[in-house]
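Dumped data.cif below, it's mmCIF, C-alpha atoms, pLDDT in the B column; chains and numbers go by the auth columns:
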data_upload
loop_
_atom_site.group_PDB
_atom_site.id
_atom_site.type_symbol
_atom_site.label_atom_id
_atom_site.label_comp_id
_atom_site.label_asym_id
_atom_site.label_seq_id
_atom_site.Cartn_x
_atom_site.Cartn_y
_atom_site.Cartn_z
_atom_site.B_iso_or_equiv
_atom_site.auth_seq_id
_atom_site.auth_asym_id
ATOM 1 C CA MET A 1 12.114 -3.182 -14.114 45.00 101 A
ATOM 2 C CA PRO A 2 14.948 -1.247 -12.428 45.00 102 A
ATOM 3 C CA GLU A 3 18.508 -2.466 -12.829 42.00 103 A
ATOM 4 C CA SER A 4 19.900 -4.318 -9.828 38.00 104 A
ATOM 5 C CA THR A 5 22.167 -1.396 -8.896 37.00 105 A
ATOM 6 C CA ASP A 6 19.174 0.931 -8.918 36.00 106 A
ATOM 7 C CA GLN A 7 17.236 -1.519 -6.774 38.00 107 A
ATOM 8 C CA ASP A 8 20.081 -1.667 -4.283 41.00 108 A
ATOM 9 C CA ARG A 9 20.281 2.112 -4.049 38.00 109 A
ATOM 10 C CA ALA A 10 16.503 2.485 -3.837 39.00 110 A
ATOM 11 C CA SER A 11 16.206 -0.242 -1.217 41.00 111 A
ATOM 12 C CA GLY A 12 18.892 1.387 0.892 43.00 112 A
ATOM 13 C CA THR A 13 17.241 4.763 0.573 40.00 113 A
ATOM 14 C CA GLN A 14 13.855 3.324 1.448 43.00 114 A
ATOM 15 C CA ARG A 15 15.240 1.614 4.535 43.00 115 A
ATOM 16 C CA THR A 16 16.462 5.026 5.655 39.00 116 A
ATOM 17 C CA ILE A 17 13.052 6.535 4.933 41.00 117 A
ATOM 18 C CA ASP A 18 11.332 3.766 6.851 42.00 118 A
ATOM 19 C CA SER A 19 13.626 4.284 9.817 38.00 119 A
ATOM 20 C CA GLY A 20 11.260 7.077 10.800 39.00 120 A
ATOM 21 C CA GLY A 21 14.105 9.417 11.757 38.00 121 A
ATOM 22 C CA ASP A 22 14.839 11.151 8.469 53.00 122 A
ATOM 23 C CA ASN A 23 11.998 13.339 7.307 75.00 123 A
ATOM 24 C CA GLU A 24 14.398 15.056 4.932 75.00 124 A
ATOM 25 C CA LEU A 25 14.338 12.071 2.586 72.00 125 A
ATOM 26 C CA ARG A 26 10.560 11.939 2.699 83.00 126 A
ATOM 27 C CA ASP A 27 10.542 15.635 1.772 87.00 127 A
ATOM 28 C CA THR A 28 12.997 14.887 -1.044 90.00 128 A
ATOM 29 C CA LEU A 29 10.584 12.375 -2.550 92.00 129 A
ATOM 30 C CA ASN A 30 7.734 14.866 -2.225 93.00 130 A
ATOM 31 C CA ARG A 31 9.753 17.599 -3.941 93.00 131 A
ATOM 32 C CA THR A 32 10.940 15.217 -6.642 94.00 132 A
ATOM 33 C CA LEU A 33 7.410 14.076 -7.482 94.00 133 A
ATOM 34 C CA SER A 34 6.254 17.706 -7.534 93.00 134 A
ATOM 35 C CA ALA A 35 9.061 18.451 -10.005 93.00 135 A
ATOM 36 C CA VAL A 36 7.903 15.537 -12.172 93.00 136 A
ATOM 37 C CA ALA A 37 4.540 17.305 -12.370 92.00 137 A
ATOM 38 C CA GLN A 38 6.444 20.144 -14.106 92.00 138 A
ATOM 39 C CA GLU A 39 7.693 17.602 -16.697 89.00 139 A
ATOM 40 C CA ASP A 40 11.207 17.560 -15.257 90.00 140 A
ATOM 41 C CA ARG A 41 12.775 14.439 -16.797 89.00 141 A
ATOM 42 C CA ASP A 42 15.777 14.467 -14.470 89.00 142 A
ATOM 43 C CA ALA A 43 13.405 14.497 -11.503 90.00 143 A
ATOM 44 C CA PHE A 44 11.509 11.577 -13.038 92.00 144 A
ATOM 45 C CA ALA A 45 14.724 9.563 -13.330 91.00 145 A
ATOM 46 C CA THR A 46 15.548 10.362 -9.706 91.00 146 A
ATOM 47 C CA LEU A 47 12.075 9.375 -8.550 91.00 147 A
ATOM 48 C CA TYR A 48 12.334 6.073 -10.403 91.00 148 A
ATOM 49 C CA ARG A 49 15.728 5.352 -8.853 90.00 149 A
ATOM 50 C CA LEU A 50 14.546 6.129 -5.325 89.00 150 A
ATOM 51 C CA ALA A 51 11.074 4.601 -5.369 90.00 151 A
ATOM 52 C CA SER A 52 10.929 1.833 -7.988 90.00 152 A
ATOM 53 C CA ALA A 53 12.294 -0.964 -5.775 90.00 153 A
ATOM 54 C CA ARG A 54 9.623 -0.530 -3.109 89.00 154 A
ATOM 55 C CA VAL A 55 6.843 -0.056 -5.676 92.00 155 A
ATOM 56 C CA PHE A 56 8.027 -3.198 -7.458 92.00 156 A
ATOM 57 C CA GLY A 57 7.941 -5.113 -4.169 91.00 157 A
ATOM 58 C CA VAL A 58 4.327 -4.096 -3.552 91.00 158 A
ATOM 59 C CA ILE A 59 3.299 -5.204 -7.045 91.00 159 A
ATOM 60 C CA LEU A 60 5.203 -8.496 -6.832 90.00 160 A
ATOM 61 C CA ARG A 61 3.512 -9.420 -3.546 90.00 161 A
ATOM 62 C CA MET A 62 0.151 -8.937 -5.244 88.00 162 A
ATOM 63 C CA VAL A 63 0.711 -10.738 -8.577 88.00 163 A
ATOM 64 C CA ARG A 64 3.384 -13.277 -7.472 85.00 164 A
ATOM 65 C CA ASP A 65 4.826 -13.264 -10.991 85.00 165 A
ATOM 66 C CA ARG A 66 8.089 -11.415 -11.561 88.00 166 A
ATOM 67 C CA ALA A 67 7.674 -10.856 -15.308 87.00 167 A
ATOM 68 C CA GLU A 68 4.175 -9.476 -14.882 88.00 168 A
ATOM 69 C CA ALA A 69 5.296 -7.336 -11.938 89.00 169 A
ATOM 70 C CA GLU A 70 8.037 -5.839 -14.114 90.00 170 A
ATOM 71 C CA ASP A 71 5.484 -5.043 -16.815 89.00 171 A
ATOM 72 C CA LEU A 72 3.157 -3.458 -14.282 91.00 172 A
ATOM 73 C CA LEU A 73 5.989 -1.397 -12.802 91.00 173 A
ATOM 74 C CA GLN A 74 6.593 0.197 -16.188 91.00 174 A
ATOM 75 C CA ASP A 75 2.860 0.892 -16.565 89.00 175 A
ATOM 76 C CA VAL A 76 2.781 2.521 -13.149 92.00 176 A
ATOM 77 C CA PHE A 77 5.665 4.868 -13.868 92.00 177 A
ATOM 78 C CA VAL A 78 4.244 5.823 -17.254 90.00 178 A
ATOM 79 C CA ASN A 79 1.099 6.719 -15.326 89.00 179 A
ATOM 80 C CA VAL A 80 3.180 8.627 -12.768 92.00 180 A
ATOM 81 C CA TRP A 81 4.608 10.807 -15.550 92.00 181 A
ATOM 82 C CA ARG A 82 1.128 11.518 -16.875 90.00 182 A
ATOM 83 C CA ARG A 83 -0.594 12.072 -13.536 91.00 183 A
ATOM 84 C CA ALA A 84 2.092 13.600 -11.336 92.00 184 A
ATOM 85 C CA SER A 85 0.196 16.891 -11.269 91.00 185 A
ATOM 86 C CA ALA A 86 -2.515 15.126 -9.233 91.00 186 A
ATOM 87 C CA PHE A 87 -0.095 14.591 -6.338 91.00 187 A
ATOM 88 C CA ASP A 88 -0.807 16.847 -3.356 88.00 188 A
ATOM 89 C CA PRO A 89 1.830 16.671 -0.591 87.00 189 A
ATOM 90 C CA ALA A 90 -0.691 18.154 1.838 86.00 190 A
ATOM 91 C CA ARG A 91 -2.752 14.963 1.553 86.00 191 A
ATOM 92 C CA GLY A 92 0.036 12.415 1.984 86.00 192 A
ATOM 93 C CA SER A 93 3.566 11.441 1.108 89.00 193 A
ATOM 94 C CA ALA A 94 4.895 10.769 -2.379 92.00 194 A
ATOM 95 C CA MET A 95 5.571 7.135 -1.496 90.00 195 A
ATOM 96 C CA THR A 96 2.000 6.618 -0.315 90.00 196 A
ATOM 97 C CA TRP A 97 0.728 8.177 -3.556 93.00 197 A
ATOM 98 C CA LEU A 98 2.995 5.946 -5.665 94.00 198 A
ATOM 99 C CA ILE A 99 2.016 2.784 -3.813 92.00 199 A
ATOM 100 C CA THR A 100 -1.681 3.624 -4.111 91.00 200 A
ATOM 101 C CA LEU A 101 -1.211 4.099 -7.851 91.00 201 A
ATOM 102 C CA ALA A 102 0.612 0.767 -8.065 92.00 202 A
ATOM 103 C CA ARG A 103 -2.020 -1.106 -6.066 91.00 203 A
ATOM 104 C CA ASN A 104 -4.859 0.300 -8.147 90.00 204 A
ATOM 105 C CA ARG A 105 -3.136 -0.590 -11.429 89.00 205 A
ATOM 106 C CA THR A 106 -2.343 -4.085 -10.180 89.00 206 A
ATOM 107 C CA ILE A 107 -5.908 -4.655 -9.018 88.00 207 A
ATOM 108 C CA ASP A 108 -7.120 -3.580 -12.473 85.00 208 A
ATOM 109 C CA ARG A 109 -4.776 -6.116 -14.083 83.00 209 A
ATOM 110 C CA LEU A 110 -5.958 -8.899 -11.778 82.00 210 A
ATOM 111 C CA ARG A 111 -9.530 -8.053 -12.655 80.00 211 A
ATOM 112 C CA GLU A 112 -8.701 -8.126 -16.365 74.00 212 A
ATOM 113 C CA HIS A 113 -7.344 -11.659 -15.979 69.00 213 A
ATOM 114 C CA ARG A 114 -10.355 -12.754 -14.020 63.00 214 A
ATOM 115 C CA GLU A 115 -12.886 -11.194 -16.375 52.00 215 A
ATOM 116 C CA SER A 116 -11.401 -12.549 -19.615 49.00 216 A
ATOM 117 C CA ALA A 117 -14.036 -13.624 -22.114 44.00 217 A
ATOM 118 C CA LEU A 118 -15.672 -16.995 -21.475 43.00 218 A
ATOM 119 C CA ASP A 119 -17.815 -19.167 -23.699 46.00 219 A
ATOM 120 C CA GLU A 120 -21.429 -19.189 -22.566 45.00 220 A
ATOM 121 C CA PRO A 121 -21.370 -22.854 -21.398 50.00 221 A
ATOM 122 C CA ASP A 122 -18.217 -22.139 -19.395 43.00 222 A
ATOM 123 C CA ALA A 123 -19.755 -19.032 -17.885 41.00 223 A
ATOM 124 C CA LEU A 124 -22.889 -20.914 -16.876 43.00 224 A
ATOM 125 C CA ALA A 125 -20.784 -23.627 -15.267 45.00 225 A
ATOM 126 C CA ILE A 126 -19.083 -21.205 -12.911 40.00 226 A
ATOM 127 C CA PRO A 127 -20.736 -21.349 -9.473 45.00 227 A
ATOM 128 C CA SER A 128 -22.173 -18.139 -8.141 44.00 228 A
ATOM 129 C CA GLU A 129 -19.826 -16.165 -5.916 43.00 229 A
ATOM 130 C CA ASP A 130 -22.722 -14.554 -4.070 46.00 230 A
ATOM 131 C CA PRO A 131 -22.449 -15.425 -0.373 48.00 231 A
ATOM 132 C CA THR A 132 -25.124 -17.624 1.140 50.00 232 A
ATOM 133 C CA PRO A 133 -27.398 -16.186 3.842 50.00 233 A
ATOM 134 C CA ALA A 134 -25.489 -18.224 6.435 51.00 234 A
ATOM 135 C CA ALA A 135 -22.155 -16.835 5.201 48.00 235 A
ATOM 136 C CA LEU A 136 -23.519 -13.312 5.272 48.00 236 A
ATOM 137 C CA ALA A 137 -24.730 -13.763 8.828 51.00 237 A
ATOM 138 C CA GLU A 138 -21.391 -15.220 9.919 50.00 238 A
ATOM 139 C CA ALA A 139 -19.458 -12.378 8.266 50.00 239 A
ATOM 140 C CA SER A 140 -21.725 -9.808 9.881 58.00 240 A
ATOM 141 C CA GLU A 141 -21.199 -11.351 13.318 67.00 241 A
ATOM 142 C CA ALA A 142 -17.426 -11.444 12.787 65.00 242 A
ATOM 143 C CA ARG A 143 -17.341 -7.779 11.790 67.00 243 A
ATOM 144 C CA GLN A 144 -19.450 -6.847 14.788 75.00 244 A
ATOM 145 C CA ARG A 145 -17.194 -8.857 17.113 75.00 245 A
ATOM 146 C CA LEU A 146 -14.064 -7.215 15.651 75.00 246 A
ATOM 147 C CA GLU A 147 -15.558 -3.768 16.101 78.00 247 A
ATOM 148 C CA GLU A 148 -16.459 -4.566 19.717 82.00 248 A
ATOM 149 C CA CYS A 149 -12.859 -5.635 20.370 82.00 249 A
ATOM 150 C CA MET A 150 -11.526 -2.541 18.612 81.00 250 A
ATOM 151 C CA GLN A 151 -13.545 -0.376 20.975 85.00 251 A
ATOM 152 C CA ARG A 152 -11.669 -1.907 23.927 85.00 252 A
ATOM 153 C CA LEU A 153 -8.384 -0.438 22.694 83.00 253 A
ATOM 154 C CA GLU A 154 -7.152 2.953 23.808 85.00 254 A
ATOM 155 C CA PRO A 155 -8.355 5.660 21.378 84.00 255 A
ATOM 156 C CA GLN A 156 -4.854 6.364 20.048 82.00 256 A
ATOM 157 C CA GLN A 157 -4.055 2.677 19.573 82.00 257 A
ATOM 158 C CA ARG A 158 -7.399 2.106 17.911 82.00 258 A
ATOM 159 C CA GLY A 159 -6.681 4.964 15.534 83.00 259 A
ATOM 160 C CA VAL A 160 -3.264 3.706 14.435 81.00 260 A
ATOM 161 C CA VAL A 161 -4.556 0.160 13.905 78.00 261 A
ATOM 162 C CA ARG A 162 -7.330 1.474 11.666 77.00 262 A
ATOM 163 C CA GLU A 163 -4.869 3.624 9.725 77.00 263 A
ATOM 164 C CA ALA A 164 -2.340 0.803 9.336 72.00 264 A
ATOM 165 C CA PHE A 165 -4.703 -1.958 8.284 66.00 265 A
ATOM 166 C CA PHE A 166 -7.689 -0.232 6.724 61.00 266 A
ATOM 167 C CA SER A 167 -6.148 2.906 5.187 60.00 267 A
ATOM 168 C CA GLY A 168 -2.824 1.401 4.134 62.00 268 A
ATOM 169 C CA ALA A 169 -0.591 3.857 6.021 68.00 269 A
ATOM 170 C CA SER A 170 2.912 2.570 6.764 76.00 270 A
ATOM 171 C CA TYR A 171 4.292 2.371 10.287 76.00 271 A
ATOM 172 C CA SER A 172 6.863 5.068 9.482 81.00 272 A
ATOM 173 C CA GLU A 173 4.156 7.410 8.169 80.00 273 A
ATOM 174 C CA LEU A 174 2.101 6.918 11.319 81.00 274 A
ATOM 175 C CA ALA A 175 5.169 7.460 13.518 83.00 275 A
ATOM 176 C CA SER A 176 5.977 10.681 11.679 84.00 276 A
ATOM 177 C CA ARG A 177 2.369 11.858 11.855 81.00 277 A
ATOM 178 C CA LEU A 178 2.201 11.328 15.624 83.00 278 A
ATOM 179 C CA SER A 179 5.804 12.458 16.258 87.00 279 A
ATOM 180 C CA VAL A 180 6.857 9.236 17.976 85.00 280 A
ATOM 181 C CA PRO A 181 9.820 6.912 17.281 89.00 281 A
ATOM 182 C CA LEU A 182 9.200 4.140 14.768 85.00 282 A
ATOM 183 C CA GLY A 183 9.948 1.532 17.450 86.00 283 A
ATOM 184 C CA THR A 184 7.241 3.014 19.667 86.00 284 A
ATOM 185 C CA MET A 185 4.720 2.885 16.837 84.00 285 A
ATOM 186 C CA LYS A 186 5.561 -0.765 16.135 84.00 286 A
ATOM 187 C CA SER A 187 5.170 -1.579 19.837 85.00 287 A
ATOM 188 C CA TRP A 188 1.763 0.138 19.963 84.00 288 A
ATOM 189 C CA ILE A 189 0.495 -1.812 16.997 83.00 289 A
ATOM 190 C CA ARG A 190 1.998 -5.115 18.188 85.00 290 A
ATOM 191 C CA ARG A 191 0.391 -4.754 21.622 86.00 291 A
ATOM 192 C CA SER A 192 -2.902 -3.713 20.035 84.00 292 A
ATOM 193 C CA LEU A 193 -2.939 -6.768 17.781 83.00 293 A
ATOM 194 C CA MET A 194 -2.242 -9.023 20.764 85.00 294 A
ATOM 195 C CA GLN A 195 -5.141 -7.430 22.646 84.00 295 A
ATOM 196 C CA LEU A 196 -7.409 -7.900 19.652 80.00 296 A
ATOM 197 C CA LYS A 197 -6.378 -11.546 19.319 80.00 297 A
ATOM 198 C CA MET A 198 -7.075 -12.246 22.980 83.00 298 A
ATOM 199 C CA CYS A 199 -10.428 -10.469 22.773 81.00 299 A
ATOM 200 C CA LEU A 200 -11.506 -12.334 19.643 75.00 300 A
ATOM 201 C CA GLU A 201 -10.547 -15.699 21.187 75.00 301 A
ATOM 202 C CA GLN A 202 -12.678 -15.135 24.297 73.00 302 A
#
How would this structure read if it were set down as structure tokens?
Amino acid sequence: MPESTDQDRASGTQRTIDSGGDNELRDTLNRTLSAVAQEDRDAFATLYRLASARVFGVILRMVRDRAEAEDLLQDVFVNVWRRASAFDPARGSAMTWLITLARNRTIDRLREHRESALDEPDALAIPSEDPTPAALAEASEARQRLEECMQRLEPQQRGVVREAFFSGASYSELASRLSVPLGTMKSWIRRSLMQLKMCLEQ
């Protein structure tokens, strides 16, 4: 777990990154992670200072347990040191790569908890999680309805909504990718979600 002073610095830096107007800091994270791939320990310390607060926040929202989130954060950064060479800045930002790593590790931990060994009587007593035919039909209809409503959005708005909610891209990443202000990107997505809500309620 990062010290509170490190968290404060990292949080402040991340707010600047998320402002959408400073690509230099995004590039700094990319360069720093690339240097970590060359086993640069100073770069690793810098990366931890800049990124750990946001990564920790993502983990904590998933596990809702601070002690376990701290443990997972350490696991993630050990993995970062080992796997930094897999980072490709041409495929996405360093922060996106770090958060993906954190989410995957956290999901693995949640699965470990869920799949802990059970006695046979206990295992047999657990109701099946397989959806009923009625539930499957309802889910299929809901997905179809959502897709129909998505098709009513403008192509660009539809694209950013998919990226934001199905691919995990942040608003600032989408704003940078499309060369628009962060406020504009937030407005696009907010209006799109309102349109989807109205469509789904019809």
### Query
Residues at most 10 Å from region 286-301 of chain A, counting all atoms listed in the file, excluding those fewer than 3 positions away in the same chain, as JSON, numbers by chain?
{"A": [242, 245, 246, 247, 248, 249, 250, 251, 252, 253, 254, 256, 257, 258, 259, 260, 261, 264, 271, 272, 274, 275, 281, 282, 283]}
Could you write out that same residue set with C-alpha atoms as an mmCIF file, in the coordinates of the input?
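Wrote it out as result34.cif, contents follow:
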data_model
loop_
_atom_site.group_PDB
_atom_site.id
_atom_site.type_symbol
_atom_site.label_atom_id
_atom_site.label_comp_id
_atom_site.auth_asym_id
_atom_site.auth_seq_id
_atom_site.Cartn_x
_atom_site.Cartn_y
_atom_site.Cartn_z
ATOM 1 C CA ALA A 242 -17.426 -11.444 12.787
ATOM 2 C CA ARG A 245 -17.194 -8.857 17.113
ATOM 3 C CA LEU A 246 -14.064 -7.215 15.651
ATOM 4 C CA GLU A 247 -15.558 -3.768 16.101
ATOM 5 C CA GLU A 248 -16.459 -4.566 19.717
ATOM 6 C CA CYS A 249 -12.859 -5.635 20.370
ATOM 7 C CA MET A 250 -11.526 -2.541 18.612
ATOM 8 C CA GLN A 251 -13.545 -0.376 20.975
ATOM 9 C CA ARG A 252 -11.669 -1.907 23.927
ATOM 10 C CA LEU A 253 -8.384 -0.438 22.694
ATOM 11 C CA GLU A 254 -7.152 2.953 23.808
ATOM 12 C CA GLN A 256 -4.854 6.364 20.048
ATOM 13 C CA GLN A 257 -4.055 2.677 19.573
ATOM 14 C CA ARG A 258 -7.399 2.106 17.911
ATOM 15 C CA GLY A 259 -6.681 4.964 15.534
ATOM 16 C CA VAL A 260 -3.264 3.706 14.435
ATOM 17 C CA VAL A 261 -4.556 0.160 13.905
ATOM 18 C CA ALA A 264 -2.340 0.803 9.336
ATOM 19 C CA TYR A 271 4.292 2.371 10.287
ATOM 20 C CA SER A 272 6.863 5.068 9.482
ATOM 21 C CA LEU A 274 2.101 6.918 11.319
ATOM 22 C CA ALA A 275 5.169 7.460 13.518
ATOM 23 C CA PRO A 281 9.820 6.912 17.281
ATOM 24 C CA LEU A 282 9.200 4.140 14.768
ATOM 25 C CA GLY A 283 9.948 1.532 17.450
#
### Task
Report the distance between CA of Arg183 (chain A) and CA of Val136 (chain A) in Å, rounded to one decimal place.
9.3 Å
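If you look at CA of Thr284 (chain A) and CA of Asp188 (chain A), they are 28.0 Å away from each other.
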### Query
Could you work out how far CA of Leu201 (chain A) lies from CA of Leu147 (chain A), giving the answer in Å with one decimal?
14.3 Å
### Residue among A:Leu129, A:Pro255, A:Glu124, A:Ile159 lying closest to Phe187 (chain A), counting all atoms listed in the file
A:Leu129
Centre, x/y/z edge lengths, axis-aligned box for region 121-136 of chain A with 6 Å per side, as JSON:
{"center_x": 10.5, "center_y": 13.9, "center_z": -0.2, "size_x": 20.6, "size_y": 21.0, "size_z": 35.9}
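Minimum distance to Phe177 (chain A) across A:Val158, A:Ala194, A:Ala202, A:Leu210 (counting all atoms listed in the file) occurs at A:Ala202.
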